[in-house]
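Trainee: Below you'll find the structure I mean.
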Protein chains: 2
Amino acid sequence: MVKSTYQQIPLKNVRIDDPFWSKYDQLIRDVVIPYQWDALNDRIEDAEPSYAIRNFRIAAGKEDGKFGGFVFQDSDLAKWLEAVGYSLTTHRDSSLEKLADEAIDLIGEAQQEDGYINTYFTIEAPELRWTNLTECHELYVAGHMIEAAVAYFDATGKRKFLDIVSRFVDYIESVFGSEAGKIQGYDGHQEIELALVKLYKATGQEKYLRLSQYFLNQRGQEPSFFVKEWEARGQKSFWGGVLPGPASRPNLKYHQSHAPVRAQKEAHGHAVRAVYMYTAMADVADLTRDEGLLQACRTLWDNIIHKQMYITGGIGSTHHGEAFTFDYDLPNDTIYAETCASIGLIFFAQRMLQIEPNSQYADVIERALYNNVIGSMSQDGKHYFYVNPLEVWPKASEGNPGKHHVKSVRQKWFGCSCCPPNVARLVASLGEYIYTVSETELYVNQYIGGVAKATIGGQHLEISQETNYPWDGTIKIQVTPEHEQHFTLGLRIPDWCRHATLHINGEETPISGLILNGYARIERTWQAGDVIQLELSMEIQLIQSHPQLRVNAGKVAIQRGPLVYCIEEFDNNAPLTSISLLTDRHRPLSARFDPDLLGGTMIIEGDAQIDQQEDWKHELYRPLKAVTQPVKLRAIPYNSWGNREAGEMSVWIRMKP
Amino acid sequence: MVKSTYQQIPLKNVRIDDPFWSKYDQLIRDVVIPYQWDALNDRIEDAEPSYAIRNFRIAAGKEDGKFGGFVFQDSDLAKWLEAVGYSLTTHRDSSLEKLADEAIDLIGEAQQEDGYINTYFTIEAPELRWTNLTECHELYVAGHMIEAAVAYFDATGKRKFLDIVSRFVDYIESVFGSEAGKIQGYDGHQEIELALVKLYKATGQEKYLRLSQYFLNQRGQEPSFFVKEWEARGQKSFWGGVLPGPASRPNLKYHQSHAPVRAQKEAHGHAVRAVYMYTAMADVADLTRDEGLLQACRTLWDNIIHKQMYITGGIGSTHHGEAFTFDYDLPNDTIYAETCASIGLIFFAQRMLQIEPNSQYADVIERALYNNVIGSMSQDGKHYFYVNPLEVWPKASEGNPGKHHVKSVRQKWFGCSCCPPNVARLVASLGEYIYTVSETELYVNQYIGGVAKATIGGQHLEISQETNYPWDGTIKIQVTPEHEQHFTLGLRIPDWCRHATLHINGEETPISGLILNGYARIERTWQAGDVIQLELSMEIQLIQSHPQLRVNAGKVAIQRGPLVYCIEEFDNNAPLTSISLLTDRHRPLSARFDPDLLGGTMIIEGDAQIDQQEDWKHELYRPLKAVTQPVKLRAIPYNSWGNREAGEMSVWIRMKP
C-alpha cells in the first residue's frame, strides 16, 4: 500500500491541552455534539427541522411518512457520526458511543439489499436511483458515510459501519466505471473522491483508490456527462423549478466539470465542491505520484490564495451558486465565504502539506481556522453562521435582497445545515492538523498545546507544546525520544511573523540560516529533555490589500498574530464607515487582554476620527465640508464577532493616510 | 373642468433652439424615432426582437402566429407613438405622420368589439382577460395607449386614436369600479392612473378623472385585492415559473399596495410603478384639491429626495424587483437606477411643480434629466442603458452574478425595452418642462434656449432664452408681452448655485431679497424688449454624501452646474479605486471645453495620486506600505460615459483628506 509522503500523526496519538483550544474541544463534546444530535432528531425549538434521523427511520421501515429536507440530508447524520468518531478517539464516552451505535444500526437497517444507502431515493423514488448525478448528491452522501465510517472505525475498532459502507462502495463500483454497461459519470457534488482515499487508507483495498482516480479523471471529459444526462432526462431539472429547456442546462463550471481536472487553472463555481475536489486531487496525486495532477493542485492553490481568498480564509465571493467569481473580486458585503468552504480549504491545505512541507499550506490552515471557521460558531456552541461576511449592516441584510443571505445574527440551525456538523468534525479532529512526519522529519505546523506520540524512522518519541497562543507568541516545545535520535524538527514561522527567536536548551540559536520553505529546520540528535523555546513576535499589524481588490482601497485590516480583527457597532460609533483609523509612530494601536470580555480576549484600541453627522440637515448630498472629531476605536478578534448585541461589523477600516 | 393650479405651456407653443438640446432634439427625430420604428418591426440586426408590430398584425387577423415578447409588449408601440406625437407637434413631418396613422389603423383593427385592446390576451388567452391584474399589465398597457392617443391628438388634431382609446376606457369603466358586479381592483403596474388624467384634460370628461381617483383610492385597501386574486387563481403565478403556494404570494410592497396610498410614507417596491403612481396622486390631488393626498405626495417626495436618490437622479437600489430598498441604501455597483424610473421621477416632479412653485422639483428634474436620463442613451442614439450604474467594473459585470444586470456597454435593444421609447417621448416633449404659468406668474424652471408663447391673465406674451447652458451659467431672457403687462417672472436659482447675479435691462438688481421657494421673483410691469441677464456661478464642486450613505464614505463626486462628473478608465489609471483626488486651495480642479471630445464637452482635470501596483508581488495582502505616485485625473460628464472603449467608470472618487 502506498503511503502519503508526509504523514499526519493519527488523532489517537495527539492530546490537546491548550488554554485556547481545550475550551473549543470541550464545547464540541459537551454542547455541540449533543445539541446537533437533538437537531438531527428535530428537537430544537424554533429551529428549522432536520428530518435526518426520521428519514432513516422511514427508510428502515420503522416509521411511516414522507422524506423531509434536502436530498442530501443523510450527510448531516454522517458528519455528526464522523465528529463523534473523532471525539471518541480522544475522549471515550460510552453513552455517546451507544447513541452512535444505535444510529449506525439504523443506517444498516436502511441499507438496501444491494448495498445502496440513500433515504431520499429509498423512500421517494427508488426507480430514479443514479438517474441524475448532476443534482441529486447520491455519491456525495455516500462520501460522507465513508468518512464517518472510517472515523468511527479508527475511534472504536468496531467494523460494523466500515462494513456497511464497504458493501455500499462495492456496489457503487459495480455501477460506475469505464467498462461497458457502467455509468461513465461522476457526482455533481464532489466528496466521494476524497472519502474513497480514506477508505483505501483504512482498508488497504486499492480498488477504492482506483475508483477515486476514475471519478477525477472522468470529470470534465468531452462530451460532458452532465449534459448528456440532462438531455437524457428531457432537459429538465430534477426539482421542476425551472421549465425544461436551455435555462436548465447544467452550468459546468458550477460543478468544476467544464474541463478535465488537470486542465483547470482557476478556481471556479461552487466553492465547497471545488475544494473538496482539489483535496481529492492532492490525495490521488500523492498516492499515485502523479506529477501532472500535483501541478494542477499547485496552480489551483495559487489561484485561490493569491487571487480569491478573503483575509479571514473565507472563499466564495457570491451567493449565486455559493461560488467563486473571478480574480480579485472579493466584495465584503455580498460575500459568501461559507463555513464549509473554508473547512474544505483546510482539507486541501492539509493534503498539500502531506506532499510537501511548505509553510504556506499551514499558514492558510491557521488563517481559515482561527478566523472564518471558529468565527462561524457562537461562543455557546449553539448558533452558527453559514455565510461569514467581512462587513455587516443589519438593515441591509433585512432590506436589500442582494444581502438577504448575509445574516447579522447566528442561526440555531438551517434547513441546509451542512456547516454546523462540519465545524464539529473539524474541531474534533484538530489533533490531526498539528504535525506532519516523515522518516527523518517532524514538522510542527500549528502551535497548539498538548502532547503527541510520533514515530520517526521506526522510533517512538513524544513531543509536547506549551503556549498561550494565539494571544502570545511564546511556544515551549519539548522533545522526548525513547532513545537519543537524529532527525529534523521543522517549526513553522508564520507568514505574519516579522521576527522570530529560537532557544534550544536555553541557548539562543540564530534562526535565519535554518529557514527552508517557511520552516525553521533544526537538524540534530535529540535527547529526552530537549527543550526549544520559539518566540514569534506578535506586533499589531495593519494589513492592506492588493490594489486590484477594489473594495478595500484606502482601507486596512488589523491583524495580530493569526487573528484578524474587526470593529463592531457595540464598541464603536455607527455607521462604522464614518470611522477612519489614525495611527502613526506617535499614535500606535495597543493590545490588552480583557479576561471578562467574550470569554477572555485580546482587544485592540487606538485613535480614530469620525465624520460628524450632527451638522448634516435634511440633505443627502452637499458640497464637501470635512468635519471630523476624534474617537477611540476598539477592535475585537473577528472570530468572536456577533456574540453581543446585533449591529454593524467591519473587518476593513478606512485609514487616514 | 378643473385645471391645474400652475399650467405647463403646451408643447406646441414652445420652440427649442439651444446649442445643447437642439442636438438631442434632432437626434430623436432623425435617428431615435426611425431606429425605434425599425426595432418595433424587428428589423435591427443582432438585437433582441420586439414583436410589437407583429403582435398587432396577428391580433388584427392580418398575420398568423403566436404572440411574442412580454405581456406588456404593446406599450412599446404606444410609447413610440407618443414620442411621434410630440415630435410632430414641434416638427410636422408627413411621412412620419403617415407611418403613425398606419400604426393607429392597425391598433384600431386589433381592437375588439367591446373596445378591448391587448394583443397578448387577444391572441393567446381571450378567456383570461382581467383575471390577473397583479401580473398581466392590461391596464398598464391601456395607460400607455391613452397617453399616446392624447399626444397624437394634440399634435395632429386627428381624433381617430383618441376615439379608439376613449372607447377602450369606456369599456374599462364598465368593468372596474365600486358598484356590485364590477371588479374592485387595480393594476399591478400603475400607469393608467396618470394617463386617465391626461384623457380627462384632453376630453373634459370628468368620468376619466373619477376612474383614476377610484384606482388610487382602492389601492392598498384591506382585504388586499391582489391577495384575493391570487387565492382565486389557486395561489399560482400566471407564468408558472414559481410552484403554487406561499412563495408565489404577491409581494404587496412591490406594487405599492401594502397600504392605502395616503398612508404610504416611504417609497417602496418597483421604482417605476412607484413614481408613476405618485405622479397620478399629485395630478388627482391637484385637480380635486385633495390636501391629504397632496400631503402624502410631499412625504413620499421627501423620502425619495433625501433618503433614496442617487446623485445622478437615479432611483432604485436593487435589481431584485427593480426596486427601492430602504433609506440611505444606495450601492453604486449593484444599483438599478432604471432609466424609466428617473423619467417617472421627472413626471412626479413636474406634477408637483404644477401644484406649487418650489425649485426643489425643478432641481430634481434637472438632475435626473442631465445625468441619468440622457446618460442612458449613446451619442449615436442607437444604444441604451436600462440600468445606470455609478460604478462599473466590466469584469464584475461579466463575472459576478450579482452584477450581471449592470452593463458596461449600452445595448441595441432589450427584450423588455421600456426604456428607449421612454427617453424618446421625454426628450421629444422637453418643451413642456421649461415653464409653468398661472394667472399672475411665469416661472422659468429649466434654462434651455428657444422661444415660448404663453398666456397670462388672458394676455399673450413671448419669452425667449439664449444660453450656452449647461456649459456656461449665463442666461439671457427676453420678455415680449403683446401689451405692457404686470406679472411676476420667477427664475429658478438651482440648488447647486452658490452665487447668482441678475441684470434687468442692463441694471444690476440685488437678488437676495427676491428669493422665494428657490425662485428669484421679479414682479414688475413688463414691456416688449425687456431683457434679463441671469448669471449662475458654475464653480467645480466636490460633493460628499450623508454619512449614513455608507458606500460613499471618504469619497467625493465632482459636479459643475447641473452636471455630475465621472472618471473613466479610458482617461485614467485602472483600477479607478486606486486613485485619490488631491485638491486644496493650491491645487484646484480646472474645467476646459474640448470641442472635439464626445461631440464637444467640458472636461475637468486635477491632481491626484495613485496607489502603486508595481511593488506588489504575488501576495494578496501585506503589511501596510503606502506607496503612491502623482497622476493627473480627468473627469467627463456622467451623461457621456461609455461612448468610447468599454472600461471602468466611477462617479464617487476617493479623496485624500
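By convention here, the chains of the C-alpha cells are called A, B, ... in the order presented, each chain's residues are numbered starting at 1, and ligands are numbered starting at 1 in the order presented.
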Quick one: everything within 10 Å of Asp64 (chain B), counting only C-alpha atoms, minus sequence neighbours fewer than 4 positions away in the same chain. Send it as a list in words.
Mentor: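 Those residues are Arg54, Asn55, Arg57, Ile58, Ala59, Ala60 and Ile123 of chain B.
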Trainee: Put those residues in a file: N, CA, C and O atoms, as a short mmCIF file (atom, residue, chain, number, x, y, z; two decimals), in the first residue's frame.
Mentor:
```cif
data_model
loop_
_atom_site.label_atom_id
_atom_site.label_comp_id
_atom_site.auth_asym_id
_atom_site.auth_seq_id
_atom_site.Cartn_x
_atom_site.Cartn_y
_atom_site.Cartn_z
N ARG B 54 -45.71 43.03 -35.04
CA ARG B 54 -46.17 41.70 -35.44
C ARG B 54 -47.34 41.24 -34.56
O ARG B 54 -48.33 40.70 -35.06
N ASN B 55 -47.24 41.49 -33.27
CA ASN B 55 -48.34 41.11 -32.37
C ASN B 55 -49.64 41.80 -32.79
O ASN B 55 -50.71 41.17 -32.77
N ARG B 57 -50.42 42.86 -35.76
CA ARG B 57 -50.88 42.30 -37.04
C ARG B 57 -51.59 40.96 -36.81
O ARG B 57 -52.62 40.68 -37.43
N ILE B 58 -51.04 40.19 -35.89
CA ILE B 58 -51.69 38.90 -35.60
C ILE B 58 -53.05 39.14 -34.93
O ILE B 58 -54.06 38.54 -35.32
N ALA B 59 -53.07 40.05 -33.98
CA ALA B 59 -54.32 40.33 -33.26
C ALA B 59 -55.38 40.90 -34.21
O ALA B 59 -56.58 40.69 -34.02
N ALA B 60 -54.90 41.63 -35.23
CA ALA B 60 -55.83 42.22 -36.19
C ALA B 60 -56.26 41.22 -37.27
O ALA B 60 -57.02 41.57 -38.18
N ILE B 123 -54.62 37.39 -28.64
CA ILE B 123 -54.06 36.27 -29.38
C ILE B 123 -54.05 34.99 -28.56
O ILE B 123 -54.43 33.93 -29.05
#
```
Trainee: Could you pull out the helix (DSSP H, G or I) residues of region 423-618 of chain B, going by DSSP on the backbone, and write them as a short mmCIF file (atom, residue, chain, number, x, y, z; two decimals) with N, CA and C atoms, in the first residue's frame?
Mentor:
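Saved to part19.cif:
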```
data_model
loop_
_atom_site.label_atom_id
_atom_site.label_comp_id
_atom_site.auth_asym_id
_atom_site.auth_seq_id
_atom_site.Cartn_x
_atom_site.Cartn_y
_atom_site.Cartn_z
N VAL B 423 -37.25 57.39 -23.15
CA VAL B 423 -36.33 58.51 -23.36
C VAL B 423 -36.81 59.35 -24.55
N ALA B 424 -37.20 58.65 -25.59
CA ALA B 424 -37.64 59.36 -26.80
C ALA B 424 -38.83 60.26 -26.49
N ARG B 425 -39.82 59.73 -25.76
CA ARG B 425 -41.01 60.56 -25.51
C ARG B 425 -40.68 61.71 -24.57
N LEU B 426 -39.76 61.47 -23.62
CA LEU B 426 -39.42 62.57 -22.71
C LEU B 426 -38.68 63.68 -23.45
N VAL B 427 -37.66 63.33 -24.20
CA VAL B 427 -36.87 64.37 -24.87
C VAL B 427 -37.73 65.08 -25.93
N ALA B 428 -38.60 64.31 -26.59
CA ALA B 428 -39.46 64.94 -27.61
C ALA B 428 -40.46 65.91 -26.99
N LEU B 430 -39.71 67.77 -24.26
CA LEU B 430 -38.94 68.57 -23.31
C LEU B 430 -39.50 69.98 -23.14
N GLY B 431 -40.05 70.53 -24.21
CA GLY B 431 -40.60 71.88 -24.16
C GLY B 431 -41.60 72.08 -23.03
N GLU B 432 -42.27 71.01 -22.63
CA GLU B 432 -43.28 71.13 -21.57
C GLU B 432 -42.69 71.36 -20.19
N TYR B 433 -41.39 71.10 -20.08
CA TYR B 433 -40.77 71.13 -18.75
C TYR B 433 -40.08 72.45 -18.43
N SER B 512 -30.97 88.77 -3.56
CA SER B 512 -31.31 88.05 -2.33
C SER B 512 -32.73 88.36 -1.85
N GLY B 513 -33.14 89.58 -1.97
CA GLY B 513 -34.48 89.93 -1.49
C GLY B 513 -35.60 89.37 -2.34
N LEU B 514 -35.26 88.84 -3.52
CA LEU B 514 -36.29 88.38 -4.44
C LEU B 514 -36.63 86.90 -4.26
N ARG B 550 -23.32 54.78 3.46
CA ARG B 550 -22.05 54.16 3.83
C ARG B 550 -21.05 53.97 2.68
N VAL B 551 -21.55 53.58 1.53
CA VAL B 551 -20.60 53.24 0.45
C VAL B 551 -19.81 54.44 -0.07
N ASN B 552 -20.28 55.63 0.21
CA ASN B 552 -19.56 56.81 -0.30
C ASN B 552 -18.65 57.45 0.74
N LEU B 576 -9.74 52.23 -10.94
CA LEU B 576 -10.08 53.60 -10.57
C LEU B 576 -10.10 53.79 -9.05
N THR B 577 -10.35 52.70 -8.32
CA THR B 577 -10.34 52.80 -6.86
C THR B 577 -8.96 53.13 -6.31
N SER B 578 -7.93 52.95 -7.12
CA SER B 578 -6.59 53.24 -6.60
C SER B 578 -6.25 54.72 -6.70
#
```
Trainee: Hey, could you make a per-residue contact list for chain B against chain A with 8 Å as the cut-off, showing the nearest pair of atoms and its distance in Å to one decimal, counting only C-alpha atoms, sorted by chain and number, as CSV?
Mentor:
```
residue,atom,partner,partner_atom,distance
B:Gly241,CA,A:Val242,CA,6.8
B:Val242,CA,A:Gly241,CA,6.8
B:Leu243,CA,A:Gly241,CA,7.1
B:Ile305,CA,A:Leu620,CA,7.6
B:His306,CA,A:Leu620,CA,5.1
B:Lys307,CA,A:Leu620,CA,6.4
B:Ile311,CA,A:Tyr621,CA,7.3
B:Thr318,CA,A:Asn400,CA,7.1
B:His320,CA,A:Pro401,CA,6.4
B:Thr325,CA,A:Asn400,CA,5.5
B:Phe326,CA,A:Gly399,CA,6.2
B:Asp329,CA,A:Ala396,CA,7.3
B:Ala396,CA,A:Asp329,CA,7.3
B:Gly399,CA,A:Thr325,CA,5.7
B:Asn400,CA,A:Thr325,CA,5.5
B:Pro401,CA,A:His320,CA,6.4
B:Gly402,CA,A:Gly402,CA,7.3
B:Gln541,CA,A:Pro623,CA,6.4
B:Leu542,CA,A:Leu624,CA,5.6
B:Ile543,CA,A:Pro623,CA,4.3
B:Gln544,CA,A:Leu624,CA,5.1
B:Ser545,CA,A:Tyr621,CA,4.5
B:His546,CA,A:Leu620,CA,5.2
B:Pro547,CA,A:Ser578,CA,6.2
B:Gln548,CA,A:Pro575,CA,6.4
B:Arg550,CA,A:Thr577,CA,5.7
B:Val551,CA,A:Thr577,CA,7.7
B:Ala553,CA,A:Thr577,CA,6.0
B:Gly554,CA,A:Arg654,CA,7.9
B:Val556,CA,A:Leu624,CA,7.5
B:Pro575,CA,A:Gln548,CA,6.3
B:Thr577,CA,A:Arg550,CA,5.7
B:Ser578,CA,A:Pro547,CA,6.2
B:Asp611,CA,A:Pro547,CA,7.0
B:Gln612,CA,A:Pro547,CA,7.8
B:Gln613,CA,A:Pro547,CA,6.4
B:Trp616,CA,A:His546,CA,7.1
B:His618,CA,A:His306,CA,6.4
B:Glu619,CA,A:His306,CA,5.6
B:Leu620,CA,A:His306,CA,5.1
B:Tyr621,CA,A:Ser545,CA,4.5
B:Arg622,CA,A:Ile543,CA,5.4
B:Pro623,CA,A:Ile543,CA,4.4
B:Leu624,CA,A:Ile543,CA,5.1
B:Lys625,CA,A:Gln544,CA,7.8
B:Arg654,CA,A:Gly554,CA,7.9
B:Lys656,CA,A:Pro657,CA,7.4
B:Pro657,CA,A:Lys656,CA,7.4
```
Trainee: What lies within 6 Å of region 478-485 of chain A using only C-alpha atoms, ignoring chain neighbours under 5 positions off, as a tab-separated table (two decimals) with all heavy atoms, in the first residue's frame?
Mentor:
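Everything below was put into result-v9.tsv:
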```
chain	number	residue	atom	x	y	z
A	460	HIS	N	9.98	5.65	18.43
A	460	HIS	CA	8.91	6.41	19.08
A	460	HIS	C	9.47	7.64	19.78
A	460	HIS	O	10.58	7.62	20.31
A	460	HIS	CB	8.18	5.54	20.11
A	460	HIS	CG	7.55	4.34	19.47
A	460	HIS	ND1	6.55	4.44	18.53
A	460	HIS	CD2	7.79	3.01	19.64
A	460	HIS	CE1	6.20	3.23	18.13
A	460	HIS	NE2	6.96	2.34	18.78
A	461	LEU	N	8.67	8.67	19.79
A	461	LEU	CA	9.04	9.85	20.57
A	461	LEU	C	7.79	10.59	20.98
A	461	LEU	O	6.71	10.37	20.41
A	461	LEU	CB	9.99	10.77	19.79
A	461	LEU	CG	9.48	11.41	18.52
A	461	LEU	CD1	8.73	12.69	18.80
A	461	LEU	CD2	10.67	11.74	17.62
A	462	GLU	N	7.96	11.44	21.93
A	462	GLU	CA	6.88	12.32	22.34
A	462	GLU	C	7.28	13.75	22.06
A	462	GLU	O	8.44	14.12	22.22
A	462	GLU	CB	6.62	12.19	23.85
A	462	GLU	CG	5.42	11.35	24.18
A	462	GLU	CD	5.01	11.47	25.65
A	462	GLU	OE1	5.39	12.45	26.31
A	462	GLU	OE2	4.29	10.58	26.09
A	463	ILE	N	6.31	14.53	21.65
A	463	ILE	CA	6.58	15.97	21.51
A	463	ILE	C	5.45	16.70	22.22
A	463	ILE	O	4.28	16.32	22.12
A	463	ILE	CB	6.69	16.39	20.02
A	463	ILE	CG1	6.94	17.91	19.93
A	463	ILE	CG2	5.46	15.99	19.21
A	463	ILE	CD1	7.38	18.37	18.56
A	464	SER	N	5.83	17.70	22.99
A	464	SER	CA	4.79	18.46	23.69
A	464	SER	C	4.96	19.94	23.39
A	464	SER	O	6.05	20.42	23.09
A	464	SER	CB	4.87	18.22	25.20
A	464	SER	OG	6.01	18.87	25.72
A	525	THR	N	20.74	15.62	16.91
A	525	THR	CA	20.45	14.40	17.64
A	525	THR	C	19.69	14.80	18.89
A	525	THR	O	20.19	15.57	19.72
A	525	THR	CB	21.74	13.66	18.00
A	525	THR	OG1	22.42	13.37	16.77
A	525	THR	CG2	21.44	12.37	18.75
A	526	TRP	N	18.46	14.33	18.96
A	526	TRP	CA	17.58	14.76	20.05
A	526	TRP	C	17.67	13.79	21.21
A	526	TRP	O	17.80	12.59	21.01
A	526	TRP	CB	16.13	14.84	19.55
A	526	TRP	CG	15.97	15.87	18.47
A	526	TRP	CD1	16.11	15.67	17.14
A	526	TRP	CD2	15.67	17.24	18.66
A	526	TRP	NE1	15.91	16.84	16.45
A	526	TRP	CE2	15.64	17.84	17.37
A	526	TRP	CE3	15.44	18.05	19.77
A	526	TRP	CZ2	15.37	19.19	17.18
A	526	TRP	CZ3	15.16	19.38	19.58
A	526	TRP	CH2	15.13	19.95	18.29
A	527	GLN	N	17.57	14.38	22.40
A	527	GLN	CA	17.62	13.57	23.62
A	527	GLN	C	16.43	13.92	24.49
A	527	GLN	O	15.92	15.04	24.44
A	527	GLN	CB	18.90	13.87	24.39
A	527	GLN	CG	20.12	13.48	23.58
A	527	GLN	CD	21.40	13.68	24.36
A	527	GLN	OE1	21.54	14.68	25.05
A	527	GLN	NE2	22.33	12.74	24.23
A	528	ALA	N	16.03	12.98	25.28
A	528	ALA	CA	14.94	13.25	26.22
A	528	ALA	C	15.28	14.51	27.02
A	528	ALA	O	16.42	14.68	27.46
A	528	ALA	CB	14.73	12.07	27.16
A	529	GLY	N	14.30	15.36	27.16
A	529	GLY	CA	14.52	16.57	27.95
A	529	GLY	C	14.95	17.77	27.14
A	529	GLY	O	15.05	18.88	27.66
A	530	ASP	N	15.15	17.60	25.83
A	530	ASP	CA	15.49	18.75	24.99
A	530	ASP	C	14.31	19.71	24.94
A	530	ASP	O	13.17	19.29	24.72
A	530	ASP	CB	15.84	18.29	23.57
A	530	ASP	CG	17.28	17.79	23.46
A	530	ASP	OD1	18.05	18.02	24.43
A	530	ASP	OD2	17.62	17.17	22.44
A	531	VAL	N	14.64	20.96	25.15
A	531	VAL	CA	13.58	21.98	25.19
A	531	VAL	C	13.89	23.08	24.19
A	531	VAL	O	15.01	23.60	24.16
A	531	VAL	CB	13.43	22.59	26.60
A	531	VAL	CG1	12.42	23.74	26.58
A	531	VAL	CG2	13.00	21.54	27.59
```
Trainee: Could you tell me how far CA of Phe385 (chain B) sits from CA of Lys407 (chain B), in Å to one decimal place?
Mentor: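 We find that CA of Lys407 (chain B) and CA of Phe385 (chain B) lie 7.4 Å from each other.
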Trainee: Counting only C-alpha atoms, which of A:Glu193, A:Glu569, A:Glu206, A:Glu147 gets nearest to Arg219 (chain A)?
Mentor: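 Closest to Arg219 (chain A) of all the choices is A:Glu193.
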Trainee: Could you please determine the separation between CA of Ile475 (chain B) and CA of Thr455 (chain B) in Å, to one decimal place?
Mentor: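 Rounded to one decimal, the two atoms are 22.2 Å apart.
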Trainee: Which residues are close to Gly269 (chain A), i.e. within 9 Å by only C-alpha atoms, leaving aside same-chain residues fewer than 4 positions away? Reply as a PyMOL selection string.
Mentor: chain A and resi 251-256+273-274+316+321-325
Trainee: Please write the residues from the selection above to a file, keeping all heavy atoms, as a short mmCIF file (atom, residue, chain, number, x, y, z; two decimals), in the first residue's frame.
Mentor:
```
data_model
loop_
_atom_site.label_atom_id
_atom_site.label_comp_id
_atom_site.auth_asym_id
_atom_site.auth_seq_id
_atom_site.Cartn_x
_atom_site.Cartn_y
_atom_site.Cartn_z
N ASN A 251 -24.72 24.14 -15.59
CA ASN A 251 -23.60 25.09 -15.64
C ASN A 251 -22.35 24.31 -15.24
O ASN A 251 -22.13 24.02 -14.06
CB ASN A 251 -23.90 26.23 -14.66
CG ASN A 251 -22.71 27.16 -14.48
OD1 ASN A 251 -21.61 26.90 -14.98
ND2 ASN A 251 -22.94 28.24 -13.77
N LEU A 252 -21.56 23.96 -16.21
CA LEU A 252 -20.46 23.03 -15.95
C LEU A 252 -19.40 23.60 -15.02
O LEU A 252 -18.78 22.87 -14.26
CB LEU A 252 -19.85 22.55 -17.27
CG LEU A 252 -20.84 21.80 -18.19
CD1 LEU A 252 -20.13 21.33 -19.46
CD2 LEU A 252 -21.48 20.61 -17.48
N LYS A 253 -19.21 24.91 -15.07
CA LYS A 253 -18.22 25.50 -14.16
C LYS A 253 -18.67 25.36 -12.70
O LYS A 253 -17.85 25.23 -11.81
CB LYS A 253 -18.00 26.98 -14.49
CG LYS A 253 -17.04 27.19 -15.63
CD LYS A 253 -16.59 28.64 -15.73
CE LYS A 253 -15.56 28.78 -16.84
NZ LYS A 253 -15.17 30.18 -17.06
N TYR A 254 -19.98 25.43 -12.52
CA TYR A 254 -20.52 25.31 -11.16
C TYR A 254 -20.03 24.02 -10.50
O TYR A 254 -19.71 23.99 -9.32
CB TYR A 254 -22.05 25.35 -11.23
CG TYR A 254 -22.78 25.06 -9.94
CD1 TYR A 254 -22.86 26.02 -8.94
CD2 TYR A 254 -23.40 23.82 -9.73
CE1 TYR A 254 -23.54 25.76 -7.76
CE2 TYR A 254 -24.08 23.56 -8.56
CZ TYR A 254 -24.15 24.52 -7.58
OH TYR A 254 -24.82 24.27 -6.41
N HIS A 255 -19.97 22.93 -11.29
CA HIS A 255 -19.55 21.63 -10.76
C HIS A 255 -18.09 21.32 -11.11
O HIS A 255 -17.69 20.16 -11.06
CB HIS A 255 -20.36 20.48 -11.37
CG HIS A 255 -21.83 20.68 -11.43
ND1 HIS A 255 -22.46 21.33 -12.45
CD2 HIS A 255 -22.80 20.28 -10.60
CE1 HIS A 255 -23.77 21.33 -12.24
NE2 HIS A 255 -24.01 20.70 -11.14
N GLN A 256 -17.34 22.29 -11.51
CA GLN A 256 -15.95 22.06 -11.90
C GLN A 256 -15.84 20.92 -12.92
O GLN A 256 -14.94 20.08 -12.84
CB GLN A 256 -15.06 21.75 -10.67
CG GLN A 256 -14.94 22.87 -9.68
CD GLN A 256 -16.14 22.96 -8.75
OE1 GLN A 256 -16.69 21.96 -8.34
NE2 GLN A 256 -16.55 24.18 -8.41
N ARG A 273 -17.62 22.39 -3.41
CA ARG A 273 -17.33 21.33 -4.38
C ARG A 273 -15.90 21.44 -4.88
O ARG A 273 -15.18 20.45 -5.01
CB ARG A 273 -18.29 21.44 -5.58
CG ARG A 273 -19.71 21.13 -5.20
CD ARG A 273 -20.71 21.50 -6.32
NE ARG A 273 -21.99 21.80 -5.70
CZ ARG A 273 -23.13 21.17 -5.95
NH1 ARG A 273 -23.19 20.25 -6.88
NH2 ARG A 273 -24.23 21.50 -5.33
N ALA A 274 -15.50 22.67 -5.17
CA ALA A 274 -14.16 22.90 -5.71
C ALA A 274 -13.09 22.39 -4.74
O ALA A 274 -12.24 21.57 -5.10
CB ALA A 274 -13.96 24.39 -6.01
N GLY A 316 -15.30 32.09 -1.77
CA GLY A 316 -16.65 32.13 -2.35
C GLY A 316 -17.15 33.57 -2.27
O GLY A 316 -17.52 34.05 -1.22
N GLY A 321 -24.98 30.41 -6.53
CA GLY A 321 -24.20 29.19 -6.68
C GLY A 321 -23.16 29.01 -5.60
O GLY A 321 -22.29 28.15 -5.72
N GLU A 322 -23.20 29.81 -4.54
CA GLU A 322 -22.25 29.68 -3.41
C GLU A 322 -20.84 29.56 -3.96
O GLU A 322 -20.10 28.63 -3.60
CB GLU A 322 -22.61 28.46 -2.57
CG GLU A 322 -24.09 28.39 -2.19
CD GLU A 322 -24.45 27.22 -1.29
OE1 GLU A 322 -24.06 26.08 -1.61
OE2 GLU A 322 -25.11 27.45 -0.25
N ALA A 323 -20.45 30.52 -4.77
CA ALA A 323 -19.36 30.25 -5.72
C ALA A 323 -18.21 31.27 -5.69
O ALA A 323 -18.35 32.40 -5.23
CB ALA A 323 -19.93 30.21 -7.12
N PHE A 324 -17.09 30.81 -6.23
CA PHE A 324 -16.03 31.71 -6.64
C PHE A 324 -16.56 32.59 -7.79
O PHE A 324 -17.45 32.16 -8.54
CB PHE A 324 -14.84 30.92 -7.19
CG PHE A 324 -14.06 30.13 -6.16
CD1 PHE A 324 -14.19 28.76 -6.06
CD2 PHE A 324 -13.18 30.78 -5.29
CE1 PHE A 324 -13.46 28.03 -5.12
CE2 PHE A 324 -12.44 30.06 -4.35
CZ PHE A 324 -12.59 28.68 -4.26
N THR A 325 -16.01 33.78 -7.93
CA THR A 325 -16.37 34.57 -9.11
C THR A 325 -15.15 34.67 -10.02
O THR A 325 -14.98 33.83 -10.91
CB THR A 325 -16.92 35.95 -8.74
OG1 THR A 325 -15.98 36.64 -7.92
CG2 THR A 325 -18.27 35.82 -8.03
#
```
Trainee: Name the closest residue to Thr131 (chain A) among the candidates A:Gln205, A:Ala148, A:Gly69, A:Arg233; distances are taken between atoms, counting only C-alpha atoms.
Mentor: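 Answer, going by the shortest atom-to-atom distance: A:Arg233.
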Trainee: I want to know what sits within 9 Å of Gly642 (chain A), based on only C-alpha atoms, with residues of the same chain fewer than 2 positions away left out; could you give that as an MDAnalysis selection string?
Mentor: chainID A and resid 375 378 408:410 568 639:640 644:647 649
